[in-house]
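Listing of target.txt, compact mmCIF, C-alpha atoms
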```txt
# COMPACT_ATOMS: atom_id res chain seq x y z
CA MET K 1 -77.97 -36.39 -116.09
CA LYS K 2 -79.55 -34.01 -113.59
CA PRO K 3 -78.56 -30.34 -113.84
CA ASN K 4 -76.38 -28.90 -111.07
CA LEU K 5 -77.91 -26.63 -108.44
CA LEU K 6 -75.85 -24.78 -105.86
CA LEU K 7 -77.63 -23.57 -102.71
CA LEU K 8 -76.09 -20.68 -100.74
CA HIS K 9 -76.99 -19.86 -97.14
CA GLY K 10 -77.63 -16.54 -95.44
CA ALA K 11 -75.69 -14.54 -92.86
CA LEU K 12 -75.08 -16.10 -89.42
CA ALA K 13 -76.06 -19.49 -90.85
CA SER K 14 -74.38 -22.45 -92.53
CA GLU K 15 -75.16 -25.02 -95.20
CA ALA K 16 -77.25 -26.86 -92.59
CA GLN K 17 -79.88 -24.16 -93.12
CA LEU K 18 -80.42 -25.51 -96.64
CA LYS K 19 -80.92 -29.20 -95.88
CA PRO K 20 -84.75 -29.14 -96.05
CA LEU K 21 -84.66 -27.33 -99.39
CA ALA K 22 -81.97 -29.69 -100.68
CA ARG K 23 -84.22 -32.63 -99.89
CA GLU K 24 -87.09 -31.00 -101.80
CA LEU K 25 -84.92 -30.47 -104.86
CA GLY K 26 -82.82 -33.64 -104.82
CA ALA K 27 -85.12 -35.46 -107.23
CA PHE K 28 -84.61 -32.78 -109.88
CA TYR K 29 -80.97 -31.66 -109.47
CA ARG K 30 -77.52 -32.65 -108.35
CA VAL K 31 -77.67 -30.40 -105.31
CA HIS K 32 -74.51 -28.82 -103.90
CA THR K 33 -74.04 -26.82 -100.72
CA PHE K 34 -71.16 -25.42 -98.70
CA SER K 35 -70.64 -23.07 -95.76
CA PHE K 36 -68.97 -19.74 -96.40
CA SER K 37 -65.69 -19.18 -94.55
CA GLY K 38 -66.21 -18.07 -90.96
CA HIS K 39 -69.51 -19.97 -90.82
CA GLY K 40 -70.44 -23.41 -89.57
CA GLY K 41 -67.11 -24.01 -87.86
CA ARG K 42 -64.92 -22.89 -90.76
CA PRO K 43 -62.07 -20.58 -89.69
CA LEU K 44 -62.90 -16.89 -89.53
CA VAL K 45 -60.25 -14.61 -91.01
CA PRO K 46 -61.46 -11.01 -90.56
CA ALA K 47 -59.60 -9.75 -93.65
CA GLU K 48 -61.40 -12.35 -95.79
CA PHE K 49 -64.84 -12.01 -94.22
CA ASP K 50 -66.43 -9.85 -96.89
CA MET K 51 -68.78 -10.18 -99.81
CA GLN K 52 -66.09 -10.16 -102.46
CA HIS K 53 -64.35 -13.08 -100.79
CA PHE K 54 -67.63 -14.98 -100.42
CA ALA K 55 -68.33 -14.44 -104.13
CA GLN K 56 -64.87 -15.81 -104.90
CA GLU K 57 -65.67 -18.88 -102.80
CA VAL K 58 -68.73 -19.48 -104.98
CA LEU K 59 -66.59 -19.41 -108.10
CA GLU K 60 -63.91 -21.61 -106.53
CA PHE K 61 -66.53 -24.17 -105.48
CA ILE K 62 -67.84 -24.36 -109.05
CA GLN K 63 -64.34 -24.59 -110.53
CA ASP K 64 -62.94 -27.07 -108.01
CA ARG K 65 -65.79 -29.49 -108.73
CA ASP K 66 -65.55 -28.87 -112.46
CA LEU K 67 -69.21 -27.95 -112.79
CA PRO K 68 -69.56 -26.67 -116.38
CA PHE K 69 -72.96 -25.11 -115.78
CA VAL K 70 -74.80 -24.52 -112.53
CA HIS K 71 -78.07 -23.00 -111.42
CA VAL K 72 -77.76 -21.09 -108.16
CA PHE K 73 -80.22 -20.35 -105.37
CA GLY K 74 -79.08 -17.85 -102.78
CA TYR K 75 -80.95 -16.96 -99.62
CA SER K 76 -80.38 -13.44 -98.30
CA MET K 77 -76.58 -12.95 -98.13
CA GLY K 78 -76.13 -15.99 -100.37
CA GLY K 79 -78.12 -14.34 -103.12
CA TYR K 80 -75.93 -11.24 -102.97
CA ALA K 81 -72.78 -13.36 -103.15
CA ALA K 82 -74.16 -15.29 -106.13
CA LEU K 83 -74.86 -12.11 -108.07
CA VAL K 84 -71.44 -10.65 -107.31
CA ALA K 85 -69.87 -13.93 -108.46
CA ALA K 86 -71.89 -13.92 -111.67
CA LEU K 87 -70.66 -10.45 -112.56
CA SER K 88 -67.19 -11.91 -113.11
CA ALA K 89 -68.12 -15.41 -114.32
CA ALA K 90 -71.63 -15.39 -115.73
CA GLY K 91 -70.66 -18.11 -118.22
CA ARG K 92 -70.46 -20.77 -115.50
CA ILE K 93 -73.77 -19.78 -113.90
CA LYS K 94 -76.93 -20.45 -115.91
CA THR K 95 -79.57 -18.88 -113.66
CA ILE K 96 -79.79 -17.31 -110.23
CA THR K 97 -82.78 -17.27 -107.90
CA THR K 98 -82.53 -15.02 -104.86
CA LEU K 99 -84.83 -14.96 -101.86
CA GLY K 100 -84.84 -12.23 -99.24
CA THR K 101 -81.67 -10.63 -100.59
CA LYS K 102 -81.14 -7.06 -99.43
CA PHE K 103 -79.97 -4.84 -102.29
CA ASP K 104 -80.30 -1.32 -100.90
CA TRP K 105 -77.28 -1.11 -98.60
CA ASN K 106 -76.79 2.50 -97.50
CA ALA K 107 -76.50 4.61 -94.36
CA ALA K 108 -80.26 4.93 -94.06
CA THR K 109 -80.88 1.17 -94.00
CA ILE K 110 -77.87 -0.14 -92.10
CA SER K 111 -78.91 0.61 -88.51
CA ALA K 112 -81.63 -2.03 -88.44
CA GLU K 113 -79.18 -4.63 -89.76
CA THR K 114 -76.46 -3.94 -87.18
CA ARG K 115 -78.56 -3.27 -84.09
CA MET K 116 -78.56 -6.91 -82.99
CA LEU K 117 -75.00 -7.71 -84.08
CA ASP K 118 -73.73 -7.36 -80.54
CA ALA K 119 -73.18 -10.46 -78.43
CA ALA K 120 -74.31 -8.94 -75.12
CA THR K 121 -77.49 -7.52 -76.65
CA MET K 122 -78.25 -10.77 -78.44
CA ARG K 123 -77.77 -12.85 -75.30
CA GLU K 124 -80.12 -10.54 -73.43
CA LYS K 125 -82.84 -10.18 -76.06
CA VAL K 126 -82.76 -13.59 -77.80
CA PRO K 127 -80.72 -15.95 -75.60
CA GLN K 128 -81.84 -19.12 -77.37
CA PHE K 129 -80.76 -17.74 -80.74
CA ALA K 130 -77.41 -16.69 -79.29
CA THR K 131 -76.86 -20.19 -77.90
CA HIS K 132 -77.81 -21.69 -81.26
CA LEU K 133 -75.25 -19.51 -83.05
CA GLU K 134 -72.52 -20.40 -80.55
CA GLN K 135 -73.14 -24.10 -81.14
CA LEU K 136 -73.46 -23.75 -84.93
CA HIS K 137 -70.25 -21.80 -85.43
CA THR K 138 -68.00 -23.32 -82.77
CA PRO K 139 -65.06 -22.90 -82.27
CA THR K 140 -65.48 -19.29 -83.49
CA PRO K 141 -66.52 -17.09 -80.54
CA LEU K 142 -69.89 -15.42 -81.06
CA PRO K 143 -68.54 -11.86 -80.55
CA GLU K 144 -65.99 -12.41 -83.34
CA LEU K 145 -68.63 -13.68 -85.77
CA LEU K 146 -71.00 -10.79 -85.01
CA ALA K 147 -68.22 -8.19 -85.28
CA ALA K 148 -67.11 -9.58 -88.63
CA THR K 149 -70.69 -9.62 -89.92
CA SER K 150 -71.22 -6.05 -88.76
CA ALA K 151 -68.03 -4.96 -90.54
CA MET K 152 -69.16 -6.68 -93.73
CA VAL K 153 -72.52 -4.92 -93.61
CA GLN K 154 -70.82 -1.59 -93.01
CA ALA K 155 -68.54 -2.15 -95.97
CA LEU K 156 -71.55 -2.85 -98.22
CA SER K 157 -73.19 0.31 -96.96
CA ASN K 158 -70.09 2.35 -97.80
CA ALA K 159 -69.49 0.73 -101.18
CA PRO K 160 -72.32 -1.49 -102.51
CA LEU K 161 -71.17 -4.15 -104.94
CA LEU K 162 -74.53 -4.47 -106.73
CA THR K 163 -75.19 -1.03 -108.12
CA PRO K 164 -77.89 -0.41 -110.75
CA GLU K 165 -75.13 -0.07 -113.35
CA LYS K 166 -73.54 -3.41 -112.46
CA LEU K 167 -76.85 -5.24 -112.34
CA ALA K 168 -77.70 -3.82 -115.77
CA SER K 169 -74.58 -5.54 -117.13
CA LEU K 170 -75.53 -9.03 -115.92
CA PRO K 171 -76.70 -11.08 -118.93
CA ILE K 172 -78.07 -14.21 -117.23
CA PRO K 173 -81.66 -14.84 -116.08
CA VAL K 174 -82.20 -13.79 -112.45
CA GLN K 175 -85.34 -14.42 -110.41
CA VAL K 176 -85.78 -12.11 -107.42
CA LEU K 177 -88.16 -13.46 -104.76
CA VAL K 178 -89.15 -11.64 -101.59
CA GLY K 179 -91.66 -12.34 -98.86
CA GLU K 180 -94.57 -9.92 -98.53
CA LEU K 181 -93.70 -9.45 -94.83
CA ASP K 182 -89.92 -9.30 -95.30
CA LYS K 183 -88.75 -6.16 -93.48
CA THR K 184 -85.07 -6.94 -94.10
CA ALA K 185 -84.99 -7.09 -97.89
CA GLY K 186 -88.15 -5.02 -98.43
CA VAL K 187 -90.62 -5.57 -101.24
CA ASP K 188 -90.24 -2.14 -102.85
CA ALA K 189 -86.44 -2.19 -102.87
CA SER K 190 -86.35 -5.77 -104.18
CA GLN K 191 -88.69 -4.90 -107.02
CA GLU K 192 -86.71 -1.78 -107.86
CA TYR K 193 -83.39 -3.61 -108.10
CA ALA K 194 -84.92 -6.53 -110.01
CA GLY K 195 -85.92 -3.95 -112.60
CA TYR K 196 -82.27 -3.13 -113.30
CA LEU K 197 -81.57 -6.70 -114.42
CA PRO K 198 -81.85 -7.17 -118.21
CA ARG K 199 -83.30 -10.67 -117.77
CA GLY K 200 -84.71 -10.23 -114.29
CA THR K 201 -88.08 -11.33 -112.97
CA PHE K 202 -89.69 -10.44 -109.67
CA GLU K 203 -92.27 -12.09 -107.43
CA THR K 204 -93.64 -11.36 -103.98
CA ILE K 205 -94.43 -14.45 -101.90
CA MET K 206 -97.55 -13.62 -99.95
CA ASN K 207 -97.81 -13.85 -96.15
CA THR K 208 -94.10 -14.64 -95.83
CA PRO K 209 -91.49 -12.95 -93.57
CA HIS K 210 -87.71 -12.97 -93.99
CA PRO K 211 -86.57 -16.16 -92.19
CA LEU K 212 -86.03 -19.05 -94.61
CA GLU K 213 -87.61 -21.42 -92.11
CA ARG K 214 -90.89 -19.53 -92.48
CA VAL K 215 -91.03 -19.92 -96.27
CA ASN K 216 -93.22 -22.64 -97.79
CA PRO K 217 -90.61 -25.14 -99.04
CA ASP K 218 -92.87 -26.63 -101.72
CA LEU K 219 -93.60 -23.19 -103.15
CA LEU K 220 -89.94 -22.18 -103.09
CA ALA K 221 -88.84 -25.41 -104.75
CA SER K 222 -91.46 -25.01 -107.46
CA ARG K 223 -90.26 -21.47 -108.24
CA ILE K 224 -86.64 -22.61 -108.53
CA ILE K 225 -87.56 -25.56 -110.77
CA ARG K 226 -89.86 -23.52 -113.01
CA PHE K 227 -87.32 -20.75 -113.48
CA SER K 228 -84.39 -23.02 -114.25
CA GLU K 229 -86.41 -24.82 -116.92
CA GLU K 230 -87.59 -21.74 -118.78
```

As structure tokens, how would this structure be written, given the file I've shared?
Amino acid sequence: MKPNLLLLHGALASEAQLKPLARELGAFYRVHTFSFSGHGGRPLVPAEFDMQHFAQEVLEFIQDRDLPFVHVFGYSMGGYAALVAALSAAGRIKTITTLGTKFDWNAATISAETRMLDAATMREKVPQFATHLEQLHTPTPLPELLAATSAMVQALSNAPLLTPEKLASLPIPVQVLVGELDKTAGVDASQEYAGYLPRGTFETIMNTPHPLERVNPDLLASRIIRFSEE
């Protein structure tokens, strides 16, 4: 029987973002995906739109489908949620691979993340992207989604959930991947936080920016497969 692999999407996206990667990995795993609440047309409840709730959704997905063991790949926000989930239920998660996950949430790094989380600014600067988000997340209005995402980012800045101390307590293997040109996650910060993990590994993917669509899918799939088999 194929091992289980759960793929988790990034902020402002949905499980549709992961379809190309799921196709790459389908021959090797039973691949599972879902959209976090407030994304991809799922209802947005502001009080539940936070990283702790998203981590709980990861655990509930695993439990509801009675998956005894699961490897997890999380892109950006999805990687953060996977690690937070594993802190409370590492026994159900065998390995985690993150890509482009931002670890260093603080006042100094938050401005770049929230600058574009304004509907009017987004429609002016990147109208096609704004239209795409409106279609992807309908019926949730774009301003509500952006405001909730901004609030979540601010909460992480005020009280990060993945501190060096918490990462040092995580016993499972974790592979931290980051693109060489990723200005969101940052190579230096990613390497620093990977170093706090007792069974962590780190790799920079050369000539690669933050967007998942710009990452070589064959290379990414090979890294996930290799790591889960070690």

Within 9 Å of (-86.7, -19.4, -112.3), in the coordinates the file gives, what residues turn up when you count all atoms listed in the file, written out as a PDB file with C-alpha atoms, in the coordinates of the input?
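Result went into out_38.pdb, see below:
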```pdb
ATOM      1  CA  THR K  95     -79.570 -18.880-113.660  1.00  0.00           C
ATOM      2  CA  ILE K  96     -79.790 -17.310-110.230  1.00  0.00           C
ATOM      3  CA  THR K  97     -82.780 -17.270-107.900  1.00  0.00           C
ATOM      4  CA  PRO K 173     -81.660 -14.840-116.080  1.00  0.00           C
ATOM      5  CA  VAL K 174     -82.200 -13.790-112.450  1.00  0.00           C
ATOM      6  CA  GLN K 175     -85.340 -14.420-110.410  1.00  0.00           C
ATOM      7  CA  VAL K 176     -85.780 -12.110-107.420  1.00  0.00           C
ATOM      8  CA  THR K 201     -88.080 -11.330-112.970  1.00  0.00           C
ATOM      9  CA  SER K 222     -91.460 -25.010-107.460  1.00  0.00           C
ATOM     10  CA  ARG K 223     -90.260 -21.470-108.240  1.00  0.00           C
ATOM     11  CA  ILE K 224     -86.640 -22.610-108.530  1.00  0.00           C
ATOM     12  CA  ILE K 225     -87.560 -25.560-110.770  1.00  0.00           C
ATOM     13  CA  ARG K 226     -89.860 -23.520-113.010  1.00  0.00           C
ATOM     14  CA  PHE K 227     -87.320 -20.750-113.480  1.00  0.00           C
ATOM     15  CA  SER K 228     -84.390 -23.020-114.250  1.00  0.00           C
ATOM     16  CA  GLU K 229     -86.410 -24.820-116.920  1.00  0.00           C
ATOM     17  CA  GLU K 230     -87.590 -21.740-118.780  1.00  0.00           C
TER      18      GLU K 230
END
```

Please provide the set of residues having any atom within 7 Å of region 33-47 of chain K, restricted to all atoms listed in the file, with same-chain residues fewer than 3 positions apart removed, written as a ChimeraX atom specification. /K:6-8,12-15,54,136-140,148

Could you check which of K:Lys125, K:Lys183, K:His53, K:Arg92 is closest to Leu161 (chain K), using all atoms listed in the file? K:His53

When you count all atoms listed in the file, which of these residues is closest to Pro171 (chain K): K:Tyr75, K:Phe28, K:Tyr196, K:Phe129? K:Tyr196

Using only C-alpha atoms, find the one residue out of K:Leu83, K:Ala11, K:Ala185, K:Ala107 that sits nearest to Ala159 (chain K).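 Closest candidate: K:Ala107.
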
Tell me, as number ranges by chain, which residues lie within 12 Å of Ser88 (chain K), counting all atoms listed in the file; anything in the same chain fewer than 4 positions away does not count. K: 52, 55-56, 58-59, 81-84, 92-93, 161, 166-167, 169-172

Write a file of the just-selected residues containing C-alpha atoms, as a PDB file, in the coordinates of the input.
```
ATOM      1  CA  GLN K  52     -66.090 -10.160-102.460  1.00  0.00           C
ATOM      2  CA  ALA K  55     -68.330 -14.440-104.130  1.00  0.00           C
ATOM      3  CA  GLN K  56     -64.870 -15.810-104.900  1.00  0.00           C
ATOM      4  CA  VAL K  58     -68.730 -19.480-104.980  1.00  0.00           C
ATOM      5  CA  LEU K  59     -66.590 -19.410-108.100  1.00  0.00           C
ATOM      6  CA  ALA K  81     -72.780 -13.360-103.150  1.00  0.00           C
ATOM      7  CA  ALA K  82     -74.160 -15.290-106.130  1.00  0.00           C
ATOM      8  CA  LEU K  83     -74.860 -12.110-108.070  1.00  0.00           C
ATOM      9  CA  VAL K  84     -71.440 -10.650-107.310  1.00  0.00           C
ATOM     10  CA  ARG K  92     -70.460 -20.770-115.500  1.00  0.00           C
ATOM     11  CA  ILE K  93     -73.770 -19.780-113.900  1.00  0.00           C
ATOM     12  CA  LEU K 161     -71.170  -4.150-104.940  1.00  0.00           C
ATOM     13  CA  LYS K 166     -73.540  -3.410-112.460  1.00  0.00           C
ATOM     14  CA  LEU K 167     -76.850  -5.240-112.340  1.00  0.00           C
ATOM     15  CA  SER K 169     -74.580  -5.540-117.130  1.00  0.00           C
ATOM     16  CA  LEU K 170     -75.530  -9.030-115.920  1.00  0.00           C
ATOM     17  CA  PRO K 171     -76.700 -11.080-118.930  1.00  0.00           C
ATOM     18  CA  ILE K 172     -78.070 -14.210-117.230  1.00  0.00           C
TER      19      ILE K 172
END
```

With all atoms listed in the file as the basis for distance, which of K:Glu124, K:Pro160, K:Glu57, K:His32 is at the shortest distance from Ala16 (chain K)? K:His32

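Here CA of Tyr193 (chain K) is placed at a distance of 9.0 Å from CA of Leu162 (chain K).
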